[in-house]
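Note: the block below is query32.txt and it holds compact mmCIF, C-alpha atoms and all ligand atoms.
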# COMPACT_ATOMS: atom_id res chain seq x y z
CA MET A 1 42.84 64.95 47.37
CA ASP A 2 40.97 61.68 47.67
CA PHE A 3 38.86 59.72 50.10
CA PHE A 4 41.13 56.72 50.69
CA GLU A 5 42.20 56.94 54.31
CA TYR A 6 43.18 54.79 57.24
CA LYS A 7 40.58 54.76 60.00
CA ASN A 8 41.47 52.73 63.12
CA GLY A 9 44.36 51.20 61.21
CA GLU A 10 42.25 49.94 58.31
CA LEU A 11 42.22 51.46 54.85
CA HIS A 12 38.81 52.77 53.86
CA CYS A 13 37.33 54.06 50.65
CA GLU A 14 35.06 56.79 52.00
CA ASP A 15 33.26 54.97 54.86
CA SER A 16 33.71 51.44 53.51
CA LYS A 17 36.45 49.09 54.67
CA LEU A 18 38.52 47.79 51.77
CA SER A 19 38.87 44.45 53.58
CA LEU A 20 35.09 44.03 53.52
CA LEU A 21 34.94 44.93 49.84
CA ALA A 22 37.60 42.29 49.17
CA GLU A 23 35.49 39.72 51.03
CA ARG A 24 32.37 40.67 49.12
CA TYR A 25 33.73 41.06 45.60
CA GLY A 26 37.04 39.20 45.63
CA THR A 27 40.38 40.39 44.31
CA PRO A 28 41.78 41.83 42.16
CA SER A 29 39.11 44.57 42.05
CA TYR A 30 39.09 48.22 41.14
CA ILE A 31 37.53 50.37 43.87
CA TYR A 32 36.49 53.96 43.04
CA SER A 33 35.37 56.79 45.29
CA GLN A 34 32.34 58.68 44.01
CA SER A 35 32.95 61.65 46.33
CA THR A 36 36.50 62.01 45.03
CA LEU A 37 35.24 62.03 41.45
CA LEU A 38 32.61 64.67 42.20
CA LYS A 39 35.11 66.79 44.10
CA HIS A 40 37.59 66.73 41.22
CA CYS A 41 34.91 67.59 38.65
CA ARG A 42 33.56 70.49 40.67
CA ARG A 43 36.96 71.93 41.59
CA LEU A 44 38.06 71.91 37.97
CA LEU A 45 34.91 73.64 36.69
CA GLN A 46 35.14 76.14 39.52
CA ALA A 47 38.73 77.00 38.56
CA PHE A 48 37.58 77.94 35.04
CA SER A 49 34.27 79.51 36.07
CA ASN A 50 35.30 83.09 35.32
CA TYR A 51 36.01 82.43 31.62
CA PRO A 52 33.86 80.85 28.86
CA THR A 53 35.25 77.32 28.89
CA THR A 54 34.01 73.97 27.67
CA ALA A 55 35.62 71.06 29.50
CA CYS A 56 35.57 67.85 27.45
CA PHE A 57 36.48 64.79 29.52
CA ALA A 58 39.11 62.61 27.84
CA VAL A 59 37.06 59.42 27.65
CA LYS A 60 40.15 57.30 27.02
CA SER A 61 41.21 57.77 30.65
CA ASN A 62 38.20 55.95 32.13
CA SER A 63 35.21 55.08 30.00
CA ASN A 64 33.16 53.09 32.48
CA HIS A 65 29.49 53.93 31.81
CA THR A 66 28.72 55.03 35.37
CA VAL A 67 31.86 57.17 35.60
CA LEU A 68 31.02 58.82 32.26
CA LYS A 69 27.41 59.41 33.28
CA THR A 70 28.52 61.12 36.49
CA ILE A 71 31.01 63.31 34.65
CA PHE A 72 28.54 64.29 31.92
CA GLU A 73 25.88 65.09 34.56
CA GLU A 74 28.40 67.48 36.12
CA GLY A 75 28.42 69.41 32.83
CA PHE A 76 31.45 68.01 31.01
CA GLY A 77 31.52 67.20 27.33
CA ALA A 78 33.73 64.49 25.80
CA ASP A 79 37.06 64.28 24.05
CA LEU A 80 37.02 60.98 22.20
CA VAL A 81 39.06 59.01 19.71
CA SER A 82 36.93 56.20 18.29
CA ALA A 83 33.45 55.13 17.24
CA GLY A 84 33.27 53.02 20.39
CA GLU A 85 34.02 56.00 22.62
CA LEU A 86 31.47 58.06 20.67
CA GLN A 87 28.73 55.46 21.13
CA ARG A 88 29.58 54.96 24.80
CA SER A 89 29.52 58.68 25.44
CA LEU A 90 26.20 59.18 23.69
CA SER A 91 24.67 56.31 25.63
CA ALA A 92 26.00 57.85 28.87
CA GLY A 93 24.19 61.08 28.04
CA VAL A 94 26.85 63.44 26.72
CA ASP A 95 25.68 66.61 25.00
CA PRO A 96 26.90 66.13 21.37
CA SER A 97 27.51 69.86 21.04
CA LYS A 98 30.30 69.39 23.62
CA ILE A 99 32.15 66.59 21.81
CA VAL A 100 35.59 66.92 20.24
CA PHE A 101 36.84 64.03 18.14
CA SER A 102 40.64 63.64 18.41
CA GLY A 103 43.07 61.13 16.92
CA VAL A 104 45.49 60.80 14.02
CA GLY A 105 43.62 58.13 12.07
CA LYS A 106 39.85 58.55 12.01
CA LEU A 107 38.07 55.96 9.86
CA ASP A 108 35.30 56.79 7.38
CA ASN A 109 32.62 55.05 9.46
CA GLU A 110 33.76 56.99 12.54
CA ILE A 111 33.64 60.30 10.71
CA LEU A 112 30.13 59.52 9.41
CA MET A 113 28.94 58.57 12.89
CA ALA A 114 30.30 61.81 14.32
CA LEU A 115 28.76 63.86 11.50
CA ASP A 116 25.41 62.21 12.21
CA ALA A 117 25.78 63.06 15.91
CA ASN A 118 26.48 66.75 15.11
CA ILE A 119 29.57 67.00 17.28
CA MET A 120 31.21 70.29 18.18
CA SER A 121 34.54 69.68 16.45
CA PHE A 122 36.69 67.23 14.54
CA ASN A 123 40.19 67.96 15.78
CA VAL A 124 42.05 67.35 12.54
CA GLU A 125 45.69 66.28 12.39
CA SER A 126 46.48 65.89 8.67
CA ASP A 127 45.60 66.99 5.15
CA PHE A 128 44.27 63.54 4.24
CA GLU A 129 41.88 63.74 7.16
CA LEU A 130 40.54 67.10 5.97
CA HIS A 131 39.88 65.55 2.56
CA SER A 132 38.09 62.56 4.11
CA ILE A 133 35.90 64.73 6.31
CA ALA A 134 35.02 67.04 3.38
CA ARG A 135 34.14 64.04 1.16
CA LEU A 136 31.94 62.43 3.83
CA ALA A 137 30.30 65.72 4.87
CA ALA A 138 29.34 66.16 1.18
CA VAL A 139 27.72 62.71 1.25
CA ARG A 140 25.70 63.78 4.29
CA LYS A 141 25.06 67.26 2.75
CA LYS A 142 26.56 68.87 5.85
CA VAL A 143 29.25 71.34 6.79
CA ALA A 144 31.67 69.71 9.23
CA ARG A 145 33.02 71.81 12.10
CA VAL A 146 36.76 71.29 12.28
CA SER A 147 39.67 72.53 14.41
CA LEU A 148 43.28 72.16 13.38
CA ARG A 149 45.42 70.39 15.97
CA ILE A 150 48.80 72.05 15.89
CA ASN A 151 52.04 70.43 16.96
CA PRO A 152 53.77 73.36 18.68
CA ASN A 153 57.06 71.46 19.10
CA ILE A 154 57.10 72.01 22.86
CA ASP A 155 58.65 69.58 25.30
CA ALA A 156 56.02 68.82 27.97
CA LYS A 157 58.76 67.53 30.31
CA THR A 158 56.97 64.27 30.91
CA ASN A 159 57.55 60.57 30.25
CA GLU A 160 58.51 60.33 26.56
CA LYS A 161 55.83 57.67 25.96
CA ILE A 162 53.07 60.14 26.76
CA ALA A 163 54.66 63.29 25.32
CA THR A 164 52.82 64.45 22.19
CA GLY A 165 53.95 68.02 21.59
CA LEU A 166 57.27 67.51 19.81
CA TYR A 167 57.93 67.11 16.08
CA SER A 168 59.37 63.66 16.84
CA THR A 169 55.82 62.40 17.57
CA LYS A 170 53.01 61.54 15.16
CA PHE A 171 50.65 64.14 16.58
CA GLY A 172 49.33 67.41 15.21
CA ILE A 173 50.17 69.58 12.23
CA PRO A 174 53.54 71.34 12.28
CA GLU A 175 53.09 75.11 12.26
CA THR A 176 54.96 75.23 8.96
CA GLU A 177 52.09 73.27 7.35
CA LEU A 178 49.31 75.43 8.73
CA GLN A 179 48.81 77.57 5.60
CA ALA A 180 48.41 74.52 3.36
CA HIS A 181 45.74 73.12 5.66
CA LEU A 182 43.90 76.46 5.80
CA GLN A 183 43.84 76.46 2.01
CA ILE A 184 42.17 73.03 1.90
CA ILE A 185 39.49 74.31 4.27
CA LYS A 186 38.99 77.48 2.22
CA ASN A 187 38.48 75.39 -0.90
CA SER A 188 35.83 73.13 0.60
CA PRO A 189 32.19 74.17 1.03
CA HIS A 190 31.83 71.24 3.44
CA LEU A 191 34.40 72.34 6.03
CA LYS A 192 34.12 75.13 8.55
CA LEU A 193 37.14 75.99 10.66
CA ILE A 194 35.96 76.72 14.19
CA GLY A 195 39.17 76.49 16.18
CA VAL A 196 42.78 75.61 16.74
CA ALA A 197 43.84 72.87 19.14
CA CYS A 198 46.87 71.30 20.77
CA HIS A 199 47.70 68.63 23.35
CA ILE A 200 51.36 68.52 24.28
CA GLY A 201 51.34 65.48 26.53
CA SER A 202 50.01 63.85 29.65
CA GLN A 203 51.02 63.77 33.33
CA ILE A 204 52.55 67.25 33.04
CA THR A 205 53.84 68.52 36.37
CA GLU A 206 55.42 71.83 35.34
CA LEU A 207 53.44 74.91 34.35
CA ALA A 208 56.06 76.36 32.01
CA PRO A 209 55.38 74.11 28.97
CA LEU A 210 51.63 74.62 29.35
CA ARG A 211 52.14 78.38 29.54
CA GLU A 212 54.38 78.35 26.48
CA ALA A 213 51.86 76.26 24.54
CA ALA A 214 48.96 78.55 25.50
CA HIS A 215 50.81 81.67 24.34
CA ARG A 216 51.86 79.97 21.11
CA MET A 217 48.28 78.87 20.46
CA ALA A 218 46.96 82.38 21.16
CA THR A 219 49.34 83.78 18.55
CA ILE A 220 48.35 81.11 16.04
CA ALA A 221 44.67 81.77 16.71
CA LYS A 222 45.12 85.48 16.05
CA ASP A 223 46.98 84.71 12.79
CA VAL A 224 44.22 82.37 11.67
CA VAL A 225 41.55 84.99 12.37
CA ALA A 226 43.64 87.57 10.49
CA ALA A 227 43.84 85.15 7.55
CA GLY A 228 40.04 85.35 7.24
CA PHE A 229 38.81 82.46 9.40
CA PRO A 230 36.47 83.71 12.14
CA ILE A 231 37.16 80.86 14.59
CA GLU A 232 35.34 80.39 17.91
CA LEU A 233 37.74 78.55 20.16
CA VAL A 234 41.20 77.55 21.28
CA ASP A 235 41.41 73.95 22.52
CA MET A 236 44.36 73.45 24.88
CA GLY A 237 43.90 69.69 25.27
CA GLY A 238 44.49 67.89 28.56
CA GLY A 239 47.67 66.82 30.27
CA LEU A 240 47.49 68.05 33.84
CA GLY A 241 49.51 65.71 36.04
CA ILE A 242 48.50 64.17 39.34
CA LYS A 243 50.35 62.99 42.40
CA TYR A 244 51.08 59.27 42.06
CA SER A 245 53.59 59.54 44.84
CA LYS A 246 55.96 62.41 45.54
CA GLU A 247 55.71 64.36 42.30
CA ASN A 248 54.63 67.96 42.16
CA ALA A 249 51.01 68.43 41.08
CA ILE A 250 50.08 71.80 39.58
CA GLU A 251 47.29 73.57 41.48
CA LEU A 252 44.08 73.72 39.45
CA GLU A 253 43.76 77.45 40.05
CA ASP A 254 47.30 78.10 38.71
CA TYR A 255 46.57 75.93 35.68
CA ALA A 256 43.33 77.79 34.94
CA THR A 257 44.88 81.23 35.40
CA THR A 258 47.78 80.32 33.13
CA LEU A 259 45.53 79.20 30.28
CA ILE A 260 42.99 81.98 30.70
CA ASP A 261 45.64 84.74 30.87
CA ALA A 262 47.11 83.54 27.57
CA ILE A 263 43.85 82.98 25.68
CA LYS A 264 41.80 85.93 26.97
CA PRO A 265 43.40 88.51 24.63
CA THR A 266 42.13 86.49 21.63
CA GLY A 267 38.53 86.88 22.83
CA LEU A 268 37.99 83.23 21.93
CA LYS A 269 36.31 80.52 23.96
CA LEU A 270 38.57 78.02 25.73
CA VAL A 271 38.24 74.27 25.44
CA ILE A 272 40.12 71.84 27.70
CA GLU A 273 40.29 68.04 27.56
CA PRO A 274 41.08 66.85 31.10
CA GLY A 275 41.38 63.12 31.75
CA ARG A 276 43.81 61.97 34.40
CA VAL A 277 43.27 64.96 36.68
CA LEU A 278 39.59 64.04 37.10
CA VAL A 279 39.85 60.27 37.46
CA GLY A 280 43.46 59.26 38.17
CA ASN A 281 43.15 59.38 41.94
CA ILE A 282 39.55 58.21 42.30
CA GLY A 283 40.55 54.57 42.44
CA VAL A 284 42.76 51.82 43.80
CA LEU A 285 43.41 48.32 42.55
CA LEU A 286 42.79 46.00 45.48
CA THR A 287 44.92 42.89 45.44
CA GLN A 288 45.77 39.94 47.67
CA VAL A 289 49.08 38.26 48.34
CA ILE A 290 49.34 34.74 46.91
CA GLY A 291 52.74 34.09 48.45
CA VAL A 292 56.21 35.48 49.03
CA LYS A 293 59.31 34.15 47.29
CA LYS A 294 62.60 34.96 49.03
CA THR A 295 65.70 35.11 46.85
CA PRO A 296 69.27 36.17 47.64
CA GLN A 297 68.60 39.57 46.02
CA LYS A 298 65.15 40.50 47.20
CA ASN A 299 61.68 39.28 48.09
CA PHE A 300 59.06 38.85 45.41
CA ILE A 301 55.59 39.48 46.72
CA ILE A 302 53.38 37.59 44.30
CA VAL A 303 49.91 39.10 44.25
CA ASP A 304 46.74 38.20 42.36
CA ALA A 305 46.73 41.40 40.25
CA ALA A 306 49.00 41.43 37.22
CA MET A 307 50.05 43.39 34.16
CA ASN A 308 46.82 42.43 32.39
CA ASP A 309 44.94 44.35 35.11
CA LEU A 310 47.35 47.28 35.34
CA ILE A 311 49.83 47.69 32.52
CA ARG A 312 51.16 51.17 33.32
CA PRO A 313 54.25 50.03 35.27
CA THR A 314 55.22 47.62 32.47
CA LEU A 315 54.34 49.95 29.61
CA TYR A 316 55.66 53.26 30.88
CA GLY A 317 57.71 52.39 33.94
CA SER A 318 55.03 54.22 35.92
CA TYR A 319 55.19 54.36 39.69
CA HIS A 320 52.12 53.59 41.81
CA ASP A 321 52.17 53.69 45.59
CA ILE A 322 51.29 50.27 47.02
CA ILE A 323 49.98 50.37 50.57
CA PRO A 324 48.76 47.69 52.97
CA VAL A 325 45.06 47.56 53.75
CA VAL A 326 45.85 46.86 57.40
CA GLN A 327 48.11 49.65 58.56
CA SER A 328 49.94 47.74 61.29
CA LEU A 329 51.85 45.92 58.56
CA GLU A 330 53.81 49.11 58.01
CA LYS A 331 55.11 49.41 61.53
CA THR A 332 57.81 46.71 61.91
CA ALA A 333 61.16 46.18 60.10
CA THR A 334 61.02 46.52 56.34
CA THR A 335 62.75 44.69 53.46
CA LEU A 336 63.31 45.34 49.77
CA CYS A 337 60.47 43.80 47.77
CA ASP A 338 59.05 43.66 44.25
CA PHE A 339 55.30 43.39 43.86
CA VAL A 340 54.71 41.07 40.92
CA GLY A 341 51.78 39.29 39.31
CA PRO A 342 51.38 35.62 38.34
CA ILE A 343 51.84 36.21 34.56
CA CYS A 344 54.64 34.39 32.75
CA GLU A 345 56.74 37.46 31.89
CA SER A 346 59.53 39.13 33.80
CA SER A 347 57.86 42.37 32.76
CA ASP A 348 54.85 41.47 34.90
CA PHE A 349 55.39 43.76 37.85
CA LEU A 350 53.34 46.35 39.70
CA GLY A 351 56.03 47.93 41.83
CA LYS A 352 59.78 47.39 42.06
CA ASP A 353 62.23 47.87 44.91
CA ARG A 354 59.69 48.83 47.54
CA THR A 355 60.53 48.68 51.19
CA CYS A 356 57.79 47.02 53.15
CA VAL A 357 57.14 44.50 55.87
CA VAL A 358 57.20 41.05 54.30
CA PRO A 359 53.52 40.09 54.16
CA LYS A 360 51.92 36.67 54.29
CA ALA A 361 49.50 34.96 51.93
CA GLY A 362 46.06 36.55 52.09
CA ASP A 363 47.25 40.01 53.11
CA LEU A 364 45.62 42.81 51.12
CA PHE A 365 47.26 45.73 49.37
CA ALA A 366 45.87 48.77 47.56
CA ILE A 367 47.67 50.04 44.49
CA ARG A 368 46.93 53.74 44.40
CA GLY A 369 46.34 56.07 41.46
CA CYS A 370 44.32 53.45 39.57
CA GLY A 371 41.28 55.46 38.48
CA GLY A 372 42.66 56.53 35.09
CA TYR A 373 44.47 54.62 32.33
CA ALA A 374 44.16 51.55 34.56
CA ALA A 375 41.07 49.28 34.28
CA ILE A 376 40.54 50.80 30.84
CA MET A 377 43.84 49.37 29.61
CA SER A 378 43.29 45.89 31.01
CA GLY A 379 43.18 42.74 28.90
CA ASN A 380 42.93 38.98 28.98
CA TYR A 381 46.57 37.94 28.66
CA ASN A 382 47.15 34.47 30.12
CA SER A 383 43.34 34.04 29.83
CA ARG A 384 42.88 36.03 33.01
CA ALA A 385 39.41 37.46 33.57
CA MET A 386 39.11 41.22 33.76
CA ALA A 387 38.63 42.63 37.26
CA PRO A 388 35.39 44.26 38.38
CA GLU A 389 34.96 47.98 39.02
CA ILE A 390 33.14 49.00 42.20
CA ILE A 391 32.21 52.54 43.13
CA VAL A 392 31.75 53.55 46.75
CA GLU A 393 29.71 56.41 48.10
CA GLY A 394 29.87 56.68 51.90
CA THR A 395 29.01 53.19 53.12
CA ARG A 396 27.21 52.19 49.91
CA GLU A 397 28.88 50.43 47.07
CA ARG A 398 27.78 49.58 43.54
CA VAL A 399 29.33 47.13 41.11
CA ILE A 400 29.64 49.23 37.96
CA LYS A 401 31.40 46.52 35.99
CA ARG A 402 31.15 42.92 37.11
CA ARG A 403 34.04 40.49 37.04
CA GLN A 404 34.36 38.82 33.66
CA LEU A 405 33.41 35.12 33.57
CA LEU A 406 36.09 32.83 32.20
CA PRO A 407 34.08 31.58 29.15
CA GLU A 408 33.50 35.21 28.19
CA ILE A 409 37.19 35.44 27.40
CA TRP A 410 36.90 33.01 24.46
CA GLN A 411 33.27 33.62 23.51
CA TYR A 412 34.17 35.30 20.19
CA GLU A 413 36.33 32.42 19.05
CA LEU A 414 35.21 29.60 16.76
CA GLN A 415 33.92 26.73 18.92
CA ASP A 416 34.02 23.16 17.54
C1 LIG B 1 44.06 64.66 22.49
C2 LIG B 1 44.07 64.35 23.94
N1 LIG B 1 43.36 65.13 24.77
C3 LIG B 1 43.32 64.88 26.10
C4 LIG B 1 44.01 63.83 26.64
C5 LIG B 1 43.92 63.62 28.12
O1 LIG B 1 45.11 63.80 28.75
P1 LIG B 1 45.19 63.75 30.33
O2 LIG B 1 44.57 62.50 30.77
O3 LIG B 1 46.64 63.80 30.60
O4 LIG B 1 44.48 64.96 30.83
C6 LIG B 1 44.79 63.02 25.82
C7 LIG B 1 45.57 61.93 26.43
O5 LIG B 1 46.41 61.31 25.88
C8 LIG B 1 44.82 63.28 24.43
O6 LIG B 1 45.52 62.50 23.60
Take the structure I supplied and represent it as structure tokens, if you would.
Amino acid sequence: MDFFEYKNGELHCEDSKLSLLAERYGTPSYIYSQSTLLKHCRRLLQAFSNYPTTACFAVKSNSNHTVLKTIFEEGFGADLVSAGELQRSLSAGVDPSKIVFSGVGKLDNEILMALDANIMSFNVESDFELHSIARLAAVRKKVARVSLRINPNIDAKTNEKIATGLYSTKFGIPETELQAHLQIIKNSPHLKLIGVACHIGSQITELAPLREAAHRMATIAKDVVAAGFPIELVDMGGGLGIKYSKENAIELEDYATTLIDAIKPTGLKLVIEPGRVLVGNIGVLLTQVIGVKKTPQKNFIIVDAAMNDLIRPTLYGSYHDIIPVVQSLEKTATTLCDFVGPICESSDFLGKDRTCVVPKAGDLFAIRGCGGYAAIMSGNYNSRAMAPEIIVEGTRERVIKRRQLLPEIWQYELQD
């Protein structure tokens, strides 16, 4: 469900040739499709349109200003985790009454900033956080709106590094601790409980864990109401997986029906925090071959993108399809190859054990599924400049983040 297609043997983003974009902006570069982004936003909202739902975009997945602005203009709020994400989101025009503030370790200055912005909900994960929010809300003479993020101890059946719904992780409040947290809220005139929340993990490709979590949260919500807290909402977090290659992606309509069917009997509003499903497949990382090293075991295709540009394969063992920009490359005999970057680490790889036609220096490749948790996680390791982000709409393109200049990498350091 994206607009990256071969036309006359050449990979295009919408109506723009990736080879021309490489000429104009250099490589490595992130290329996004505006139409894909809009399509994903609209399809998701449509799927939930028959139930009162607030969709808060998980800003951590792609916080580029232009991407955020587009998503907020489509009617999404924000799920954020830091003062930086809060400030970015406000400057990109988010409606503060649609902001949820997640995270296990909110700092005092972040809590104050969010109180000043009048956000919808602090999604609280510990007793110490409730105490901090109550203390700071008293300073501001306000009543903070809080939701309790529950850890439902459900296995999301995803990569363990992005699973967050089991007791073995740092996230959420175990159900056994719920009463104690409710008591803290009851005792504070500066806290108002408005909901219960959960987020069991990311890149989830099976409905069953999401269904189980939704039913568990509905039961918890009813118990909380019965305990004398007239809450407004159940926040089911994000987590919907996408197709990086051959995996099964849950249909949006099935996802929506599953959540709505579980939550409807509570009569409470639904909140969701989608990230990857909106942005994951809006982008590719465009890269160029520097050279090919043949060894007795395999070929190493050394490209100009590296783990500082895209860390997911190194960090999580994630798989991204890597496809040639000129399609004819695919048609002759193939060999086993690793796509690797120029960084001095054996962990610097983008794709392992791929079968492809051995390319030559200068050939272009597109690494797919690079719209979410990609540019946003890049860094300057090996003093490599961060890649630009370019968004395409039809035949028009806009640079929405320019390539970093080398001196900008060390500009914050003491200069003699
Ligand atoms: C609390 C919370 N909500 C939402 C998300 C977004 O998840 P996804 O991008 O899988 O939809 C995350 C991601 O880690 C998260 O931690």
Selection as an NGL selection string: residues within 10 Å of ligand LIG 1 (chain B) by only C-alpha atoms and all ligand atoms:
:A and (56-62 or 78-81 or 100-104 or 123 or 149 or 162-164 or 171-172 or 197-204 or 235-242 or 272-280 or 372-373)
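All residues of protein, DNA or RNA that reach within 12 Å of Val225 (chain A), judged by all atoms listed in the file and not counting those fewer than 6 positions away in the chain, are Leu182, Leu193, Ile194, Gly195, Val196, Ala218, Thr219, Ile231, Glu232, Leu233, Val234, Thr266, Gly267 and Leu268 of chain A.
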Report the distance between CA of Ala366 (chain A) and CA of Thr287 (chain A) in Å, rounded to one decimal place.
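Between CA of Ala366 (chain A) and CA of Thr287 (chain A) the gap is 6.3 Å.
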Minimum-distance residue to Ser16 (chain A), chosen among A:Arg396, A:Lys401, A:His320, A:Lys170 (using all atoms listed in the file):
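Comparing A:Arg396, A:Lys401, A:His320, A:Lys170 against Ser16 (chain A), the winner is A:Arg396.
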Nearest to Ile119 (chain A) by atom-to-atom distance, counting only C-alpha atoms, from A:Gly371, A:Pro313, A:Gly77, A:Pro209:
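Smallest distance to Ile119 (chain A) is found for A:Gly77.
Nearest to Gly291 (chain A) of all the residues A:Asp363, A:Val399, A:Glu125, A:Val224 is A:Asp363, based on all atoms listed in the file.
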Determine the nearest neighbour of Asn64 (chain A) from the options A:Leu45, A:Ala92, A:Val357, A:Ala305, counting only C-alpha atoms.
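Closest to Asn64 (chain A), using only C-alpha atoms: A:Ala92.
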For Asn281 (chain A), work out the shell of residues within 9 Å, counting all atoms listed in the file and skipping chain neighbours fewer than 6 positions away, then give it as a CSV table (one decimal) with C-alpha atoms, keeping the file's coordinate frame.
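Result went into selection30.csv, see below:
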chain,number,residue,atom,x,y,z
A,1,MET,CA,42.8,65.0,47.4
A,2,ASP,CA,41.0,61.7,47.7
A,32,TYR,CA,36.5,54.0,43.0
A,33,SER,CA,35.4,56.8,45.3
A,36,THR,CA,36.5,62.0,45.0
A,37,LEU,CA,35.2,62.0,41.4
A,242,ILE,CA,48.5,64.2,39.3
A,243,LYS,CA,50.4,63.0,42.4
A,244,TYR,CA,51.1,59.3,42.1
A,368,ARG,CA,46.9,53.7,44.4
A,369,GLY,CA,46.3,56.1,41.5
A,370,CYS,CA,44.3,53.4,39.6
A,371,GLY,CA,41.3,55.5,38.5
A,372,GLY,CA,42.7,56.5,35.1
Check the smallest atom-to-atom distance from each of A:Lys186, A:Lys161, A:Lys192, A:Arg24 to Thr314 (chain A) using all atoms listed in the file, then report the winner.
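So, comparing all the options, the nearest one is A:Lys161.
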Long-range neighbours of His215 (chain A) as a PyMOL selection string, 10 Å cut-off, all atoms listed in the file, 6 positions minimum in chain
chain A and resi 209+221+258-259+261-263
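Closest approach to Ala55 (chain A) among A:Pro265, A:Gly75, A:Pro342, A:Gly351: A:Gly75, based on all atoms listed in the file.
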What separates CA of Asp304 (chain A) and CA of Ser63 (chain A) is a distance of 23.9 Å
Expressed in Å to a single decimal, how great is the separation between CA of Lys142 (chain A) and CA of Asp127 (chain A)?
19.1 Å
So which residues fall inside 12 Å of (44.4, 82.2, 36.5) if we count all atoms listed in the file? Mind giving them as a list of chain:residue names?
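Output: A:Gln46, A:Ala47, A:Phe48, A:Ser49, A:Asn50, A:Tyr51, A:Leu207, A:Arg211, A:Glu251, A:Leu252, A:Glu253, A:Asp254, A:Tyr255, A:Ala256, A:Thr257, A:Thr258, A:Leu259, A:Ile260, A:Asp261, A:Ala262, A:Ile263, A:Lys264.
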Pick out the residues sitting within 8 Å of His181 (chain A), and hand them over as JSON, numbers by chain; count all atoms listed in the file, and ignore anything fewer than 4 positions along from it in its own chain.
{"A": [126, 127, 130, 177, 185]}
Just want the 8 Å neighbourhood of Glu389 (chain A), counted on all atoms listed in the file, with same-chain residues fewer than 3 positions away dropped. Output as an MDAnalysis selection string.
chainID A and resid 29:32 375 399:403
Please write a file for region 392-403 of chain A, taken from the block I just shared, that holds N, CA and C atoms and is laid out as a PDB file, in the first residue's frame.
ATOM      1  N   VAL A 392       7.940  13.576  -1.726  1.00  0.00           N
ATOM      2  CA  VAL A 392       7.512  13.678  -3.123  1.00  0.00           C
ATOM      3  C   VAL A 392       5.992  13.667  -3.183  1.00  0.00           C
ATOM      4  N   GLU A 393       5.474  14.550  -4.037  1.00  0.00           N
ATOM      5  CA  GLU A 393       4.039  14.527  -4.298  1.00  0.00           C
ATOM      6  C   GLU A 393       3.872  14.623  -5.809  1.00  0.00           C
ATOM      7  N   GLY A 394       3.485  13.542  -6.446  1.00  0.00           N
ATOM      8  CA  GLY A 394       3.405  13.523  -7.915  1.00  0.00           C
ATOM      9  C   GLY A 394       4.791  13.676  -8.504  1.00  0.00           C
ATOM     10  N   THR A 395       4.981  14.788  -9.254  1.00  0.00           N
ATOM     11  CA  THR A 395       6.317  15.038  -9.828  1.00  0.00           C
ATOM     12  C   THR A 395       7.073  16.099  -9.038  1.00  0.00           C
ATOM     13  N   ARG A 396       6.441  16.590  -7.984  1.00  0.00           N
ATOM     14  CA  ARG A 396       7.072  17.664  -7.172  1.00  0.00           C
ATOM     15  C   ARG A 396       7.790  17.071  -5.987  1.00  0.00           C
ATOM     16  N   GLU A 397       8.936  17.627  -5.656  1.00  0.00           N
ATOM     17  CA  GLU A 397       9.568  17.161  -4.424  1.00  0.00           C
ATOM     18  C   GLU A 397       9.978  18.355  -3.571  1.00  0.00           C
ATOM     19  N   ARG A 398      10.018  18.100  -2.257  1.00  0.00           N
ATOM     20  CA  ARG A 398      10.434  19.153  -1.323  1.00  0.00           C
ATOM     21  C   ARG A 398      11.460  18.574  -0.369  1.00  0.00           C
ATOM     22  N   VAL A 399      12.527  19.301  -0.130  1.00  0.00           N
ATOM     23  CA  VAL A 399      13.493  18.874   0.884  1.00  0.00           C
ATOM     24  C   VAL A 399      12.922  19.289   2.230  1.00  0.00           C
ATOM     25  N   ILE A 400      12.571  18.311   3.065  1.00  0.00           N
ATOM     26  CA  ILE A 400      11.952  18.652   4.354  1.00  0.00           C
ATOM     27  C   ILE A 400      12.955  18.539   5.499  1.00  0.00           C
ATOM     28  N   LYS A 401      14.122  18.022   5.192  1.00  0.00           N
ATOM     29  CA  LYS A 401      15.268  18.148   6.104  1.00  0.00           C
ATOM     30  C   LYS A 401      16.498  18.106   5.212  1.00  0.00           C
ATOM     31  N   ARG A 402      17.313  19.134   5.286  1.00  0.00           N
ATOM     32  CA  ARG A 402      18.472  19.150   4.375  1.00  0.00           C
ATOM     33  C   ARG A 402      19.585  18.269   4.935  1.00  0.00           C
ATOM     34  N   ARG A 403      20.509  17.916   4.042  1.00  0.00           N
ATOM     35  CA  ARG A 403      21.654  17.119   4.503  1.00  0.00           C
ATOM     36  C   ARG A 403      22.464  17.940   5.495  1.00  0.00           C
TER      37      ARG A 403
END
